Structure formats: C-alpha cells, structure tokens
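Q: Pasting protein-v9.cif below, which is mmCIF, C-alpha atoms.
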data_coords
#
loop_
_atom_site.label_atom_id
_atom_site.label_comp_id
_atom_site.auth_asym_id
_atom_site.auth_seq_id
_atom_site.Cartn_x
_atom_site.Cartn_y
_atom_site.Cartn_z
CA MET A 57 0.00 0.00 0.00
CA SER A 58 2.69 2.44 0.99
CA GLU A 59 4.46 1.73 -2.27
CA VAL A 60 1.43 2.80 -4.23
CA ARG A 61 1.17 5.90 -2.09
CA VAL A 62 4.71 6.93 -2.83
CA ARG A 63 4.24 6.39 -6.51
CA ARG A 64 1.12 8.47 -6.59
CA LEU A 65 2.95 11.31 -4.96
CA ARG A 66 5.73 11.07 -7.48
CA ALA A 67 3.37 10.87 -10.41
CA VAL A 68 1.52 14.02 -9.55
CA GLU A 69 3.15 17.24 -10.58
CA PRO A 70 2.87 20.40 -8.47
CA SER A 71 0.16 21.66 -10.82
CA GLY A 72 -1.95 18.64 -9.89
CA ALA A 73 -1.59 17.14 -13.34
CA VAL A 74 -0.59 13.50 -13.48
CA ASP A 75 2.85 12.90 -14.93
CA LEU A 76 1.97 10.56 -17.76
CA PRO A 77 5.49 10.30 -19.23
CA TYR A 78 6.71 9.16 -15.83
CA LEU A 79 4.00 6.52 -15.60
CA LEU A 80 4.70 5.30 -19.12
CA ASN A 81 8.41 5.24 -18.46
CA GLN A 82 7.84 3.17 -15.33
CA SER A 83 5.49 0.91 -17.28
CA GLY A 84 8.29 0.29 -19.76
CA ARG A 85 10.30 -1.17 -16.90
CA GLY A 86 7.57 -3.63 -16.12
CA ASP A 87 5.93 -1.62 -13.34
CA GLU A 88 2.36 -2.87 -13.41
CA ALA A 89 1.16 -0.46 -10.72
CA ALA A 90 2.30 2.49 -12.81
CA PHE A 91 0.62 0.96 -15.84
CA SER A 92 -2.55 0.53 -13.84
CA GLN A 93 -2.51 4.22 -13.01
CA LEU A 94 -1.78 5.08 -16.62
CA TYR A 95 -4.79 3.05 -17.63
CA ASP A 96 -6.95 4.94 -15.15
CA GLU A 97 -5.82 8.20 -16.70
CA LEU A 98 -6.15 7.31 -20.36
CA SER A 99 -8.69 4.52 -20.72
CA GLY A 100 -11.58 6.97 -21.02
CA VAL A 101 -9.93 8.81 -23.89
CA VAL A 102 -8.98 5.61 -25.69
CA TYR A 103 -12.31 3.86 -25.20
CA GLY A 104 -14.22 7.05 -26.00
CA VAL A 105 -12.56 7.62 -29.34
CA VAL A 106 -12.60 3.98 -30.31
CA ILE A 107 -16.31 3.53 -29.60
CA ARG A 108 -17.05 6.82 -31.30
CA VAL A 109 -15.49 5.54 -34.49
CA ILE A 110 -16.55 1.90 -34.50
CA ARG A 111 -19.85 2.27 -32.65
CA ASP A 112 -19.92 -1.19 -31.21
CA GLN A 113 -19.41 -1.77 -27.51
CA ALA A 114 -17.95 -5.25 -27.68
CA GLN A 115 -15.49 -4.35 -30.42
CA ALA A 116 -14.59 -1.11 -28.71
CA ALA A 117 -13.75 -2.93 -25.49
CA GLU A 118 -11.64 -5.48 -27.34
CA LEU A 119 -9.82 -2.81 -29.30
CA THR A 120 -9.21 -0.69 -26.20
CA GLN A 121 -7.56 -3.68 -24.60
CA GLU A 122 -5.39 -4.21 -27.68
CA VAL A 123 -4.31 -0.59 -27.63
CA PHE A 124 -3.20 -0.81 -24.01
CA VAL A 125 -1.40 -4.08 -24.53
CA GLU A 126 0.47 -2.37 -27.34
CA ALA A 127 1.23 0.62 -25.10
CA TRP A 128 2.63 -1.80 -22.52
CA ARG A 129 4.79 -3.48 -25.15
CA LEU A 130 6.10 -0.26 -26.64
CA ALA A 131 6.32 1.79 -23.45
CA ALA A 132 10.11 1.74 -23.33
CA ARG A 133 10.28 3.27 -26.81
CA PHE A 134 8.28 6.33 -25.95
CA ASP A 135 10.25 9.57 -25.73
CA SER A 136 8.49 12.49 -24.12
CA ASP A 137 10.43 15.03 -26.19
CA LYS A 138 8.56 13.93 -29.28
CA GLY A 139 4.97 14.52 -28.25
CA SER A 140 2.56 13.83 -25.45
CA VAL A 141 1.61 10.44 -24.10
CA ARG A 142 -2.00 11.21 -24.90
CA SER A 143 -1.20 11.97 -28.52
CA TRP A 144 0.91 8.82 -28.75
CA ILE A 145 -1.76 6.47 -27.49
CA CYS A 146 -4.57 8.25 -29.37
CA THR A 147 -2.65 7.84 -32.62
CA ILE A 148 -2.51 4.11 -32.02
CA ALA A 149 -6.15 3.90 -30.91
CA HIS A 150 -7.70 6.00 -33.65
CA ARG A 151 -5.72 4.40 -36.44
CA ARG A 152 -6.74 0.95 -35.33
CA ALA A 153 -10.37 1.91 -34.96
CA VAL A 154 -10.40 3.46 -38.41
CA ASP A 155 -8.64 0.51 -39.98
CA ARG A 156 -11.10 -1.87 -38.45
CA VAL A 157 -14.08 0.13 -39.58
CA ARG A 158 -12.75 0.41 -43.09
CA SER A 159 -12.02 -3.27 -43.26
CA GLU A 160 -15.61 -4.08 -42.49
CA GLN A 161 -18.62 -3.73 -44.62
CA SER A 162 -20.64 -2.78 -41.59
CA ARG A 163 -19.61 0.79 -42.03
CA ARG A 164 -22.18 1.11 -44.75
CA ASN A 165 -24.85 0.62 -42.17
CA ARG A 166 -23.82 3.59 -40.16
CA GLU A 167 -26.08 6.51 -40.48
CA GLU A 168 -24.04 9.26 -41.98
CA ALA A 169 -26.80 11.81 -41.89
CA ASP A 170 -27.21 11.48 -38.15
CA LEU A 171 -23.56 12.08 -37.64
CA ILE A 172 -23.68 15.30 -39.55
CA LYS A 173 -26.65 16.66 -37.64
CA THR A 174 -25.84 15.47 -34.16
CA PRO A 175 -23.59 17.80 -32.22
CA VAL A 176 -20.62 16.15 -30.61
CA VAL A 177 -21.58 15.35 -27.05
CA ALA A 178 -19.52 13.39 -24.59
CA ALA A 179 -21.45 10.85 -22.60
CA ASP A 180 -21.83 11.74 -18.95
CA ALA A 181 -20.44 8.38 -17.95
CA ALA A 182 -17.09 9.55 -19.21
CA VAL A 183 -16.90 12.20 -16.63
CA GLU A 184 -15.06 10.57 -13.81
CA ASN A 185 -13.88 13.67 -12.10
CA ALA A 186 -13.85 17.40 -12.37
CA GLU A 187 -10.52 17.41 -14.15
CA ARG A 188 -11.70 15.26 -17.00
CA ASN A 189 -14.99 17.06 -17.13
CA SER A 190 -13.26 20.34 -17.74
CA ASP A 191 -11.10 18.76 -20.47
CA VAL A 192 -14.15 17.48 -22.28
CA GLU A 193 -15.82 20.83 -21.96
CA MET A 194 -12.80 22.67 -23.24
CA VAL A 195 -12.70 20.53 -26.38
CA GLN A 196 -16.42 20.95 -26.95
CA GLN A 197 -16.09 24.69 -26.60
CA ALA A 198 -13.11 24.78 -28.90
CA LEU A 199 -15.11 22.93 -31.54
CA GLN A 200 -17.70 25.68 -31.38
CA VAL A 201 -15.05 28.16 -32.46
CA LEU A 202 -14.81 26.46 -35.85
CA THR A 203 -17.06 27.44 -38.70
CA VAL A 204 -19.92 25.03 -39.27
CA ALA A 205 -18.21 23.86 -42.44
CA GLN A 206 -14.89 23.23 -40.70
CA ARG A 207 -16.51 21.43 -37.81
CA GLU A 208 -18.47 19.23 -40.17
CA SER A 209 -15.37 18.15 -42.07
CA VAL A 210 -13.23 17.62 -38.97
CA THR A 211 -15.84 15.60 -37.11
CA LEU A 212 -16.82 13.48 -40.11
CA ALA A 213 -13.16 12.67 -40.64
CA TYR A 214 -12.04 12.13 -37.06
CA TYR A 215 -15.14 10.87 -35.28
CA GLY A 216 -16.73 9.40 -38.37
CA GLY A 217 -13.57 7.64 -39.50
CA HIS A 218 -14.06 8.78 -43.09
CA THR A 219 -11.34 9.65 -45.56
CA TYR A 220 -11.39 13.20 -46.85
CA ARG A 221 -12.59 11.81 -50.18
CA GLU A 222 -15.54 10.17 -48.47
CA VAL A 223 -16.27 13.39 -46.61
CA ALA A 224 -16.24 15.24 -49.92
CA ALA A 225 -18.69 12.73 -51.36
CA LEU A 226 -20.93 12.89 -48.29
CA LEU A 227 -21.08 16.67 -48.40
CA ASP A 228 -20.99 16.89 -52.16
CA ILE A 229 -18.12 19.37 -52.19
CA PRO A 230 -14.66 19.25 -53.82
CA GLU A 231 -11.97 17.12 -52.17
CA GLY A 232 -9.58 20.05 -52.01
CA THR A 233 -12.14 22.01 -50.03
CA VAL A 234 -12.39 19.23 -47.46
CA LYS A 235 -8.61 19.03 -47.11
CA THR A 236 -8.48 22.78 -46.55
CA ARG A 237 -11.32 22.72 -44.02
CA ILE A 238 -9.69 19.92 -42.04
CA ARG A 239 -6.37 21.71 -42.02
CA ASP A 240 -7.82 25.11 -41.12
CA GLY A 241 -10.05 23.49 -38.52
CA LEU A 242 -7.15 21.70 -36.84
CA ILE A 243 -5.05 24.86 -36.82
CA LYS A 244 -7.87 26.80 -35.23
CA LEU A 245 -8.41 24.08 -32.64
CA ARG A 246 -4.71 24.00 -31.89
CA ASP A 247 -4.60 27.75 -31.35
CA THR A 248 -7.83 27.84 -29.37
CA MET A 249 -6.70 25.10 -27.01
CA GLY A 250 -3.17 26.45 -26.78
CA LEU A 251 -1.63 23.23 -28.04
CA ASP A 252 1.14 24.91 -29.99
CA GLN A 253 4.41 25.06 -28.12
CA MET B 150 16.14 15.77 -50.06
CA SER B 151 14.66 16.94 -53.27
CA TRP B 152 11.09 15.92 -52.90
CA THR B 153 9.73 19.28 -53.88
CA GLU B 154 11.36 19.03 -57.27
CA THR B 155 10.39 15.50 -58.01
CA ALA B 156 7.09 14.54 -56.59
CA ASN B 157 3.50 15.37 -56.08
CA PRO B 158 3.46 18.75 -54.29
CA ASP B 159 0.06 17.84 -52.87
CA LEU B 160 1.80 15.60 -50.38
CA HIS B 161 2.84 18.67 -48.41
CA HIS B 162 -0.79 19.39 -47.65
CA LEU B 163 -1.64 15.99 -46.30
CA ALA B 164 -0.30 16.32 -42.75
CA ALA B 165 -3.68 17.40 -41.37
CA PRO B 166 -5.78 14.69 -43.00
CA TYR B 167 -3.03 12.21 -42.14
CA ALA B 168 -3.17 13.14 -38.46
CA VAL B 169 -6.90 12.46 -38.35
CA ASP B 170 -6.50 9.25 -40.39
CA ALA B 171 -8.46 10.70 -43.29
CA LEU B 172 -6.17 9.35 -46.02
CA ASP B 173 -6.90 6.16 -47.87
CA ASP B 174 -4.31 3.39 -47.68
CA ARG B 175 -2.33 4.45 -50.68
CA GLU B 176 -2.13 8.13 -49.79
CA ARG B 177 -1.23 7.21 -46.25
CA ARG B 178 1.61 5.06 -47.55
CA ASP B 179 2.81 7.76 -49.93
CA PHE B 180 2.66 10.40 -47.24
CA GLU B 181 4.51 8.24 -44.75
CA ALA B 182 7.27 7.72 -47.30
CA HIS B 183 7.38 11.47 -47.83
CA TYR B 184 7.17 13.09 -44.44
CA LEU B 185 10.09 11.17 -43.05
CA SER B 186 12.29 13.30 -45.21
CA CYS B 187 10.38 16.55 -44.77
CA ASP B 188 10.99 18.54 -41.61
CA ILE B 189 7.93 20.73 -42.10
CA CYS B 190 5.57 17.82 -42.56
CA SER B 191 7.14 15.93 -39.64
CA GLN B 192 6.50 18.86 -37.35
CA GLU B 193 2.98 19.29 -38.65
CA VAL B 194 2.19 15.66 -38.05
CA ILE B 195 3.30 16.05 -34.44
CA ASP B 196 1.27 19.24 -33.97
CA PHE B 197 -1.87 17.95 -35.62
CA SER B 198 -1.60 14.66 -33.73
CA GLU B 199 -1.82 16.66 -30.51
CA VAL B 200 -5.02 18.23 -31.78
CA ALA B 201 -6.35 14.79 -32.68
CA GLY B 202 -5.54 13.65 -29.15
CA ALA B 203 -7.58 16.57 -27.85
CA LEU B 204 -10.48 15.58 -30.10
CA ALA B 205 -10.32 12.12 -28.56
CA THR B 206 -10.44 13.69 -25.11
CA GLY B 207 -13.59 15.50 -26.19
CA VAL B 208 -15.47 12.21 -26.41
CA SER B 209 -13.99 10.45 -23.36
CA LEU B 210 -16.10 7.61 -22.11
CA ALA B 211 -15.36 5.27 -19.23
CA PRO B 212 -14.82 1.71 -20.51
CA PRO B 213 -16.60 -1.23 -18.89
CA PRO B 214 -15.00 -1.76 -15.45
CA GLU B 215 -14.19 -5.43 -16.10
CA LEU B 216 -11.88 -4.44 -18.94
CA LYS B 217 -9.11 -3.40 -16.61
CA ALA B 218 -8.85 -6.71 -14.78
CA SER B 219 -8.70 -8.54 -18.08
CA LEU B 220 -6.00 -6.18 -19.38
CA MET B 221 -3.89 -6.37 -16.24
CA ALA B 222 -4.06 -10.16 -16.34
CA GLY B 223 -2.96 -10.08 -19.97
CA ILE B 224 0.08 -7.84 -19.70
CA GLY B 225 1.75 -10.19 -17.22
CA SER B 226 2.34 -12.55 -20.12
CA THR B 227 3.17 -9.87 -22.70
CA ARG B 228 6.83 -9.32 -23.41
CA GLN B 229 7.93 -5.71 -23.58
CA LEU B 230 10.23 -4.29 -26.21
CA SER B 231 13.59 -2.92 -25.16
CA PRO B 232 14.36 0.75 -25.63
CA ARG B 233 16.08 1.67 -28.85
CA LEU B 234 19.77 2.12 -28.28
CA SER B 235 20.67 3.54 -31.67
CA THR B 236 22.32 6.92 -31.71
CA LEU B 237 20.07 9.19 -33.66
CA SER B 238 21.52 12.10 -35.49
CA SER B 239 19.10 14.90 -34.83
CA ALA B 240 16.03 15.93 -32.95
CA SER B 241 13.96 15.69 -36.08
CA ASP B 242 15.18 12.16 -36.73
CA ARG B 243 14.19 11.15 -33.24
CA ARG B 244 10.88 12.83 -33.63
CA ARG B 245 10.17 11.05 -36.87
CA ASN B 246 11.14 7.87 -35.24
CA TRP B 247 8.67 8.41 -32.47
CA VAL B 248 5.83 9.24 -34.79
CA LEU B 249 6.70 6.28 -36.95
CA ALA B 250 6.73 3.94 -34.00
CA ALA B 251 3.23 5.06 -33.16
CA ALA B 252 2.16 4.79 -36.78
CA ALA B 253 3.78 1.40 -37.17
CA ALA B 254 2.12 0.18 -34.03
CA ALA B 255 -1.19 1.44 -35.30
CA LEU B 256 -0.68 -0.22 -38.65
CA LEU B 257 -0.13 -3.61 -37.21
CA VAL B 258 -3.35 -5.00 -36.03
CA VAL B 259 -6.64 -5.12 -37.71
CA GLY B 260 -8.54 -7.60 -35.64
CA GLY B 261 -5.46 -9.29 -34.26
CA ALA B 262 -5.62 -11.22 -31.04
CA VAL B 263 -4.59 -9.48 -27.86
CA GLY B 264 -1.16 -10.54 -26.76
CA ALA B 265 -0.28 -12.03 -30.11
CA VAL B 266 0.91 -8.76 -31.56
CA ALA B 267 4.54 -8.77 -32.61
CA ILE B 268 5.81 -5.58 -34.13
CA ASP B 269 9.21 -6.99 -34.95
CA ARG B 270 7.91 -9.97 -36.86
CA THR B 271 4.90 -8.67 -38.65
CA ASP B 272 5.79 -6.58 -41.62
CA PRO B 273 9.34 -6.33 -42.96
CA VAL B 274 8.47 -3.11 -44.77
CA THR B 275 7.21 -1.34 -41.65
CA GLU B 276 10.15 -2.64 -39.71
CA LEU B 277 12.64 -1.35 -42.25
CA VAL B 278 11.01 2.06 -42.54
CA ALA B 279 11.16 2.36 -38.77
CA GLU B 280 14.91 1.78 -38.72
CA PRO B 281 16.59 4.89 -37.33
CA ASP B 282 19.10 5.05 -40.16
CA SER B 283 16.60 4.55 -42.98
CA ARG B 284 16.80 7.12 -45.74
CA VAL B 285 14.03 7.90 -48.18
CA THR B 286 14.75 8.75 -51.81
CA THR B 287 12.05 9.70 -54.23
CA LEU B 288 12.92 8.74 -57.77
CA THR B 289 12.02 10.83 -60.76
CA GLY B 290 10.37 9.11 -63.68
CA SER B 291 7.92 9.85 -66.42
CA GLN B 292 5.17 7.44 -65.43
CA GLY B 293 4.22 6.30 -61.94
CA SER B 294 6.13 6.92 -58.74
CA ILE B 295 8.83 5.09 -56.84
CA GLN B 296 10.32 5.71 -53.43
CA ILE B 297 13.25 3.80 -52.03
CA VAL B 298 13.80 3.54 -48.28
CA HIS B 299 17.33 2.36 -47.61
CA SER B 300 18.81 1.11 -44.38
CA ALA B 301 22.59 0.72 -44.64
CA GLU B 302 22.48 -0.85 -41.20
CA ARG B 303 20.42 -3.75 -42.52
CA ASP B 304 21.59 -3.78 -46.14
CA GLN B 305 18.01 -3.65 -47.24
CA VAL B 306 15.78 -1.36 -49.22
CA ALA B 307 12.02 -1.07 -49.20
CA VAL B 308 10.58 -0.24 -52.60
CA PHE B 309 7.30 1.66 -52.76
CA GLY B 310 5.84 2.09 -56.22
CA ALA B 311 2.52 3.13 -57.67
CA ASP B 312 1.04 3.46 -61.16
CA LEU B 313 3.97 1.64 -62.71
CA PRO B 314 3.79 0.36 -66.27
CA ASP B 315 3.73 -3.40 -66.66
CA PRO B 316 7.30 -4.47 -67.57
CA GLY B 317 6.00 -7.48 -69.49
CA GLU B 318 5.83 -11.16 -68.66
CA GLU B 319 9.52 -11.92 -69.19
CA ASN B 320 10.82 -8.74 -67.57
CA ALA B 321 11.26 -7.12 -64.19
CA TYR B 322 12.19 -3.74 -62.77
CA ALA B 323 15.88 -3.61 -61.94
CA LEU B 324 17.23 -1.36 -59.17
CA TRP B 325 20.77 -0.05 -59.65
CA PHE B 326 23.32 1.43 -57.30
CA LEU B 327 24.65 4.69 -58.74
CA LEU B 328 28.41 4.78 -58.25
CA ASP B 329 31.03 7.34 -59.17
CA ASP B 330 32.24 5.18 -62.02
CA GLY B 331 29.06 3.51 -63.22
CA VAL B 332 26.28 1.40 -61.83
CA ALA B 333 25.93 -1.95 -60.10
CA PRO B 334 22.88 -4.19 -59.85
CA ALA B 335 20.99 -3.95 -56.53
CA GLY B 336 17.97 -6.15 -57.08
CA LEU B 337 14.84 -6.95 -59.05
CA PHE B 338 11.15 -6.48 -58.37
CA LYS B 339 7.88 -6.90 -60.21
CA PRO B 340 4.91 -4.62 -59.61
CA ASP B 341 1.58 -6.24 -58.95
CA ASP B 342 -1.07 -4.38 -60.86
CA GLY B 343 1.21 -1.35 -61.02
CA THR B 344 2.08 -1.24 -57.33
CA VAL B 345 4.98 -2.58 -55.36
CA ARG B 346 5.72 -2.60 -51.66
CA GLU B 347 8.55 -4.92 -50.92
CA VAL B 348 11.87 -5.34 -49.16
CA LEU B 349 14.99 -6.29 -51.12
CA ASN B 350 18.21 -7.53 -49.58
CA ILE B 351 21.07 -5.68 -51.20
CA ASP B 352 24.86 -5.57 -51.13
CA GLY B 353 26.46 -3.18 -48.69
CA ILE B 354 27.66 -0.82 -51.40
CA GLU B 355 27.97 2.88 -50.67
CA THR B 356 25.79 4.42 -53.32
CA THR B 357 25.10 7.99 -54.38
CA GLY B 358 21.56 7.24 -55.49
CA TRP B 359 19.29 4.83 -57.29
CA GLY B 360 18.36 4.08 -60.86
CA ILE B 361 15.74 1.83 -62.37
CA THR B 362 15.55 0.09 -65.73
CA ILE B 363 13.45 -2.71 -67.18
CA GLU B 364 15.53 -5.86 -67.54
CA PRO B 365 14.95 -9.53 -68.26
CA ALA B 366 13.48 -11.19 -65.16
CA THR B 367 16.74 -13.08 -64.74
CA GLY B 368 18.61 -9.79 -64.20
CA SER B 369 21.48 -8.08 -66.02
CA ASP B 370 25.01 -7.08 -65.06
CA GLN B 371 24.60 -3.70 -66.72
CA PRO B 372 21.48 -1.84 -67.85
CA THR B 373 20.30 -2.92 -71.30
CA THR B 374 17.49 -0.37 -71.59
CA PRO B 375 17.21 3.36 -70.84
CA VAL B 376 16.90 4.49 -67.24
CA ILE B 377 13.24 5.15 -66.42
CA PHE B 378 13.64 6.28 -62.81
CA ALA B 379 16.53 7.89 -60.99
CA GLY B 380 17.24 9.79 -57.81
CA THR B 381 20.37 10.89 -55.99
CA PHE B 382 20.85 11.85 -52.36
#
Reformat the file's structure so that it appears as structure tokens.

A:
Amino acid sequence: MSEVRVRRLRAVEPSGAVDLPYLLNQSGRGDEAAFSQLYDELSGVVYGVVIRVIRDQAQAAELTQEVFVEAWRLAARFDSDKGSVRSWICTIAHRRAVDRVRSEQSRRNREEADLIKTPVVAADAAVENAERNSDVEMVQQALQVLTVAQRESVTLAYYGGHTYREVAALLDIPEGTVKTRIRDGLIKLRDTMGLDQ
Amino acid sequence: MSWTETANPDLHHLAAPYAVDALDDRERRDFEAHYLSCDICSQEVIDFSEVAGALATGVSLAPPPELKASLMAGIGSTRQLSPRLSTLSSASDRRRNWVLAAAAAALLVVGGAVGAVAIDRTDPVTELVAEPDSRVTTLTGSQGSIQIVHSAERDQVAVFGADLPDPGEENAYALWFLLDDGVAPAGLFKPDDGTVREVLNIDGIETTGWGITIEPATGSDQPTTPVIFAGTF
C-alpha cells in the first residue's frame, strides 16, 4: 500500500496534473502499478474515441484492450520530447479503430446523416472527475469556435472515420475544399486550445 | 532531399488529413514515405496529432470496469520491447522515429488477437522504414512513382511504387546502385497491378543514389534499356 502511495505522490506534478510520461516510463520497466494508473488516466480517452469511431461496444472494449497491450509493449520506446503520451496512445487507438471500420462492410450501415446533424456530445459516464470534465468541456467549446463547415469536415473525418474523399462525397463538395477545411479546422483548434508550443 | 522538385506537391498538404486518419491506404503510404524526409511535414504531423488527441479527449467515455482486470491479467504474459539504443543524429530524426513507431504500431493489427501482436515480426516493410538510419529517396520518372527507403544498417531497401507500367511477362524492374564510375545491380522487383511494396536484400555498397531500368526477369550485369527512374541523395 505504501508503495502505491509513494508512486502516486511522485506521479503528480505540483500543478496537480498526473505525470503521464513518468508513468509510461515506469510501465516500460515492467511496473504494473504504474501501468494501472496510466490506464486509469487514459482509458476513457482511448475507449471514448474507439467507440465513437466503431460504434460497437464489444469491439470497442476489445480494441481498447489491444491498444493498451500495445502501449505496454512499446512503453520503453516512448520519448516524451517527441509529443505527449496522450497523442501517442490516441494515434494508435484512432488508427486501429479506423482501420477496423474500413475493413468491415458494416460501415455502410452507419447513419451518416445522423452524424452530420448530431452535435458532438460526450457521454456523462465519461466524466469521472472534475478534471476530466473540464477537459471534455474545453474541447467541446473549442469545436464551437470552428465554422460550421470546418466542424463538419473535422468531425466526419475524425469521429466518423471517413477519408477526406468520403467526406467530400458525403457533403458533395470538392476534395480540395475538405482538405483545406480539415487543415484550417485543426489549426484553429490547436490555437484555441493552446496546443502549440 | 529533393522531394519538392520531383514529386507530387500535394503531399505537403496531407499532414492534417493524415493526423486524423483521413487518407486512404495508398495516400497514407505515400505520405509516410514522404514526411520522413520533410521537416515541415514531420512537425505538422506532431502538432496535428496533438489536436487529434484533444479531439479524442472530447469524447472520453469510461470503458466497462471489467476491462481493466482482463487487461492487467494479460500484460503479465506480454513481453515488452527494449528501448532503442541507436544513436540518432538529430532531434527531427528522433521525432520522426517516435511518430513512426506510433504509426507502425497502429498499422499492425486489424482484428489481431490481444497478446499475439509482434511488431518486430509482422511486416518487414514497416520494420525497415522504422529503422533509425533509414533514408528515403524519391525517384524521378515519367510514369508512376517510386520511393526507395534504404537502411545501410540492414543492407536492405524497401521499394514503394505506384502506377507503374507493366514491364511485361519476361521482364522485371531492376534497381541499380549509382556509383562514381558507373552502376551496379541492386535487385529486381515486379509490380503487382502497377504497385509494389517490398523489401529487397542488397549488397552493402555505398551508393550515391538509385536508378531503375526494365531488364529480363533473370537480371542483367549492366542496364540494357534506358533508365526510367533515378534519384540521388
């Protein structure tokens, strides 16, 4: 018990933010307690994005587990100078979710129209504490800063798992326009959320 | 690197759609071959990937509680990879390496079993591209596109090609080392329906670039037809 206590103290920075690179680094040395804490911090993000893209609870759970097993395997190769832990694991998670969706015919059954009309809302169940709640809210607010057209293209691509060509076909607009909207949208989100260094 | 002179300039605008996985397989492959050698695109991929991570945060959802116990039971029997020990030459090389590792990891499994994932045994092309010393060269040609990723450490190249003309039944594409005093044969490959994505074992010759000709499928000591693709470092 006391061991866990010490680790928790070490993993929390003065700001109150959890030191994810530290936890991942420890995980890379086989520290299962650190990995457990890492899972607590990031499982909501991973599961949330995976289920958002593939829209199937059983598959989302399976894929989330795969993503974390991969994070465990590759933990020692992570270098915090090259990007955040969150970005690292989300890259793995989203790519896998998208690949799975695209490899299945089931995607045709998804209701594209609904996706376009429904605003992006995080499920309340995701909100485990005030910290996470404020993160979710910040992203939702940042999305509102985009133009409707930008938001549509970004969300269809990222949450919908569509290629920009598919987005262009769905919206009946030129492919180049979609590429531009995604790019401009991401830049605006980056600036709004202060993600640029 | 001379990508801007030789290849599709559109590739420079793909970092954003790449970061949100909005490229189809072929564009993704082409862009991955490109951005390794492009500092601007490498940085953009990192920046936009952070934004994508934020978008994921925006839809956070607690997974079923039983998932954790199952995961923790599984990792006990999952071997971890060692850290890379290679000396990398620059910050941007290390950065690329990191992004690639994430990309390679993401590439690996579509429906694979948990615990049975093995990055180092799965795909020789991915593995080679992820080598810290690998160097990408885009070849210039009149029809189709070819990129060569070379690892001197491994004496291997990965050949990525698209829209390539059929060399004919009896023929193959021949890759040549470009040397100060001529050329030397490096290997042969045959596109499948115009595309190629394959690893060739090559001699450890210090080359200044790559050339491609069409040769008999049995190979030639020297080119017997005009060079159709070439690129130097």

Q: Name every residue that the PyMOL selection byres ((chain A and resi 247) around 12) selects in this structure, writing the answer as number ranges by chain with chains first and numbers rising.

A: A: 195, 198-199, 201-202, 240-246, 248-253; B: 196-197, 199-200

Q: Quick check on the file I pasted: which residues fall under the PyMOL selection byres ((chain B and resi 362) around 9)? Write them as a ChimeraX atom specification.

A: /B:321-325,360-361,363-364,372-378

Q: For chain B, which residue among A:Thr211, A:Gln115, A:Thr233, A:Ser143 is the nearest when counting all atoms listed in the file?

A: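 Ranking A:Thr211, A:Gln115, A:Thr233, A:Ser143 by distance to chain B, first place goes to A:Ser143.
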
Q: With only C-alpha atoms as the atoms that count, which of B:Arg233, B:Arg178, B:His183, B:His161 lies nearest to chain A?

A: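 Answer, going by the shortest atom-to-atom distance: B:Arg233.
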
Q: Given all atoms listed in the file as the basis, pick out the residue of A:Thr219, A:Asp87, A:Ile229, A:Ala153 nearest to chain B.

A: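 Ranking A:Thr219, A:Asp87, A:Ile229, A:Ala153 by distance to chain B, first place goes to A:Thr219.
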
Q: For CA of Thr203 (chain A) and CA of Gln192 (chain B), determine how far apart the two atoms are, in Å to one decimal place.

A: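 Spanning CA of Thr203 (chain A) to CA of Gln192 (chain B) is a straight-line distance of 25.1 Å.
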